[in-house]
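Just below is one structure, and these are the notes that go with it.
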Amino acid sequence: MEKVLYKTYCGTLPSLFVAWGEDGTKAASELVNELCNMSVRTCYFETGSKDVNAASLTAEAIRNCSAAVFVLTKKAVEELEFRNIINFAINEHKKIICIKAEEFKLSHGMDMQLANIETIDYSSAAECTEKMKNSEIITQNVLGQTAERKNINRKKQIVFTSIILAGIIAFAIGAFFIVRERIEYINSAEYVLRNADGQSYVDGREFAEDAIAALEGVSIGELDLSESGLHNLEGVDKICMKSINIAGNPDINTLYPLFDCKELEKIKISQDMLALANRLSDSFEIVVTG
């Protein structure tokens, strides 16, 4: 749908008043744009406005205008608001020209009311303005400086900018989660201990149970899980190791899983864990640390 590119004239100098109904927007917009391009001071109005001051503003605009132009469509002339605007212009003794934007038969007494008013068929904005010049609707006194253009692309720009910003934010959030996941992986037991196989000493204190899971199937010398916050030794039998240090983990309540560690020779514990290690002393070397 065509849009009016210029702001309506709101001053008190001689001007043209142009009015239309909603279904006449295309022809009316082309006409208003052409008039504004010609530097004609143009005050325009489309029916259906929800502005409570619309009626008074329209009346004031008609009083100040040199001539009034009405874009007629079948639907527009059926609107009481549109007919009232025409009646007001007639009562104000304004020079009027009507432009039929479509072929239809006037009704609601408009045929009689407009009988003595020039009516032309809309073909193009340029042809209509030429006829308006010939009819002295457009005269020298309505010409002024070029009308101020509307910033009609502002909403589009806002929407476009919002979409771009949303895309940037979405990308940033996605990148954040990817980086966070990468950092978490780099700091994980799986990544840190990935090359542990064959090492004589592996420090798993930072990872506790996760270290046991990450070292499944590897062969190492000593696994240090001292003071790691370890709660249980589940899965420890899947690590091939010679020695394990579990000292300083008071939450461990059984050392039985160590019986299944076939390569295990030495177990390092703290003093508080001696009661748990009683049955292990016959199978492993028990070393009390700390």
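By order in the structure tokens, chains are A, B, ...; within a chain, residues start at 1; ligands start at 1, following the order shown.
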**Request:** List every residue of range 79-275 of chain A that DSSP, applied to the backbone, labels as strand (DSSP E or B), and write the result as number ranges by chain.
**Result:** A: 95-100, 118-121, 143, 149, 201-203, 219-224, 240-245, 266-270
**Request:** For each of A:Cys43, A:Ile62, A:Ile99, A:Ala213, take the minimum atom-to-atom distance to Gly235 in chain A, counting only C-alpha atoms, then give the residue where this is smallest.
**Result:**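 Checking each of A:Cys43, A:Ile62, A:Ile99, A:Ala213 against Gly235 in chain A, counting only C-alpha atoms, the winner is A:Ala213.
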**Request:** Counting only C-alpha atoms, figure out which residue out of A:Leu13, A:Ala76, A:Val287, A:Ala125 gets nearest to Ile267 in chain A.
**Result:**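 Looking at the shortest contact to Ile267 in chain A, the residue is A:Val287.
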**Asked** Using only C-alpha atoms, which residues sit within 12 Å of range 192-204 of chain A once same-chain residues fewer than 5 positions away are excluded, as a ChimeraX atom specification?
**Response** /A:183-187,209-230,239-246
**Request:** Enter the distance from CA of Leu31 in chain A to CA of Phe88 in chain A, in Å, rounded to one decimal.
**Result:**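 Between CA of Leu31 in chain A and CA of Phe88 in chain A the gap is 22.0 Å.
The space separating CA of Thr42 in chain A from CA of Val18 in chain A comes to 7.2 Å.
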**Asked** Between A:Leu80, A:Ile90, A:Ala59, A:Leu233, which is the closest to Asp251 in chain A once you count only C-alpha atoms?
**Response**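 Comparing A:Leu80, A:Ile90, A:Ala59, A:Leu233 against Asp251 in chain A, the winner is A:Leu233.
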Can you check which parts of range 140-196 of chain A lie within 9 Å of range 3-7 of chain A? Per residue, the shortest pair of atoms and distance in Å to one decimal, counting only C-alpha atoms, sorted by chain and number, as JSON lines.
{"residue": "A:Ala147", "atom": "CA", "partner": "A:Tyr6", "partner_atom": "CA", "distance": 6.2}
{"residue": "A:Glu148", "atom": "CA", "partner": "A:Tyr6", "partner_atom": "CA", "distance": 5.7}
{"residue": "A:Arg149", "atom": "CA", "partner": "A:Tyr6", "partner_atom": "CA", "distance": 4.1}
{"residue": "A:Lys150", "atom": "CA", "partner": "A:Tyr6", "partner_atom": "CA", "distance": 5.0}
{"residue": "A:Asn151", "atom": "CA", "partner": "A:Leu5", "partner_atom": "CA", "distance": 8.0}
{"residue": "A:Ile152", "atom": "CA", "partner": "A:Leu5", "partner_atom": "CA", "distance": 7.1}
Residues of the last selection are to be written out with N, CA and C atoms, as a JSON list (two decimals), in the first residue's frame.
[["chain", "number", "residue", "atom", "x", "y", "z"],
["A", 147, "ALA", "N", 7.72, 20.44, 1.73],
["A", 147, "ALA", "CA", 7.22, 19.85, 2.97],
["A", 147, "ALA", "C", 8.27, 18.95, 3.61],
["A", 148, "GLU", "N", 8.18, 18.82, 4.92],
["A", 148, "GLU", "CA", 9.11, 17.98, 5.66],
["A", 148, "GLU", "C", 8.72, 16.51, 5.47],
["A", 149, "ARG", "N", 9.71, 15.74, 5.12],
["A", 149, "ARG", "CA", 9.44, 14.31, 4.89],
["A", 149, "ARG", "C", 9.27, 13.58, 6.21],
["A", 150, "LYS", "N", 8.39, 12.60, 6.18],
["A", 150, "LYS", "CA", 8.21, 11.72, 7.33],
["A", 150, "LYS", "C", 9.41, 10.78, 7.43],
["A", 151, "ASN", "N", 9.68, 10.37, 8.61],
["A", 151, "ASN", "CA", 10.70, 9.34, 8.79],
["A", 151, "ASN", "C", 9.98, 7.99, 8.81],
["A", 152, "ILE", "N", 9.40, 7.64, 7.65],
["A", 152, "ILE", "CA", 8.53, 6.46, 7.59],
["A", 152, "ILE", "C", 9.31, 5.16, 7.71]]
**Prompt:** Of the candidates A:Leu35, A:Ile168, A:Ala247, A:Ile85, which shows the shortest atom-to-atom distance to His231 in chain A, using only C-alpha atoms?
**Reply:** A:Ala247
**Message:** Given only C-alpha atoms as the basis, pick out the residue of A:Cys65, A:Ala275, A:Val142, A:Val236 nearest to Phe259 in chain A.
**Reply:**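 For Phe259 in chain A, the nearest of the candidates is A:Val236.
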**Prompt:** What lies within 9 Å of Gly48 in chain A using only C-alpha atoms, ignoring chain neighbours under 5 positions off, as a PyMOL selection string?
**Reply:** chain A and resi 21-22+81
**Message:** Nearest residue to Arg279 in chain A out of A:Ile120, A:Ile169, A:Glu263, A:Leu258, using only C-alpha atoms?
**Reply:** A:Leu258
**Atom-to-atom span, CA of Ser123 in chain A and CA of Val71 in chain A, Å** =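 Distance reported for this atom pair: 12.2 Å.
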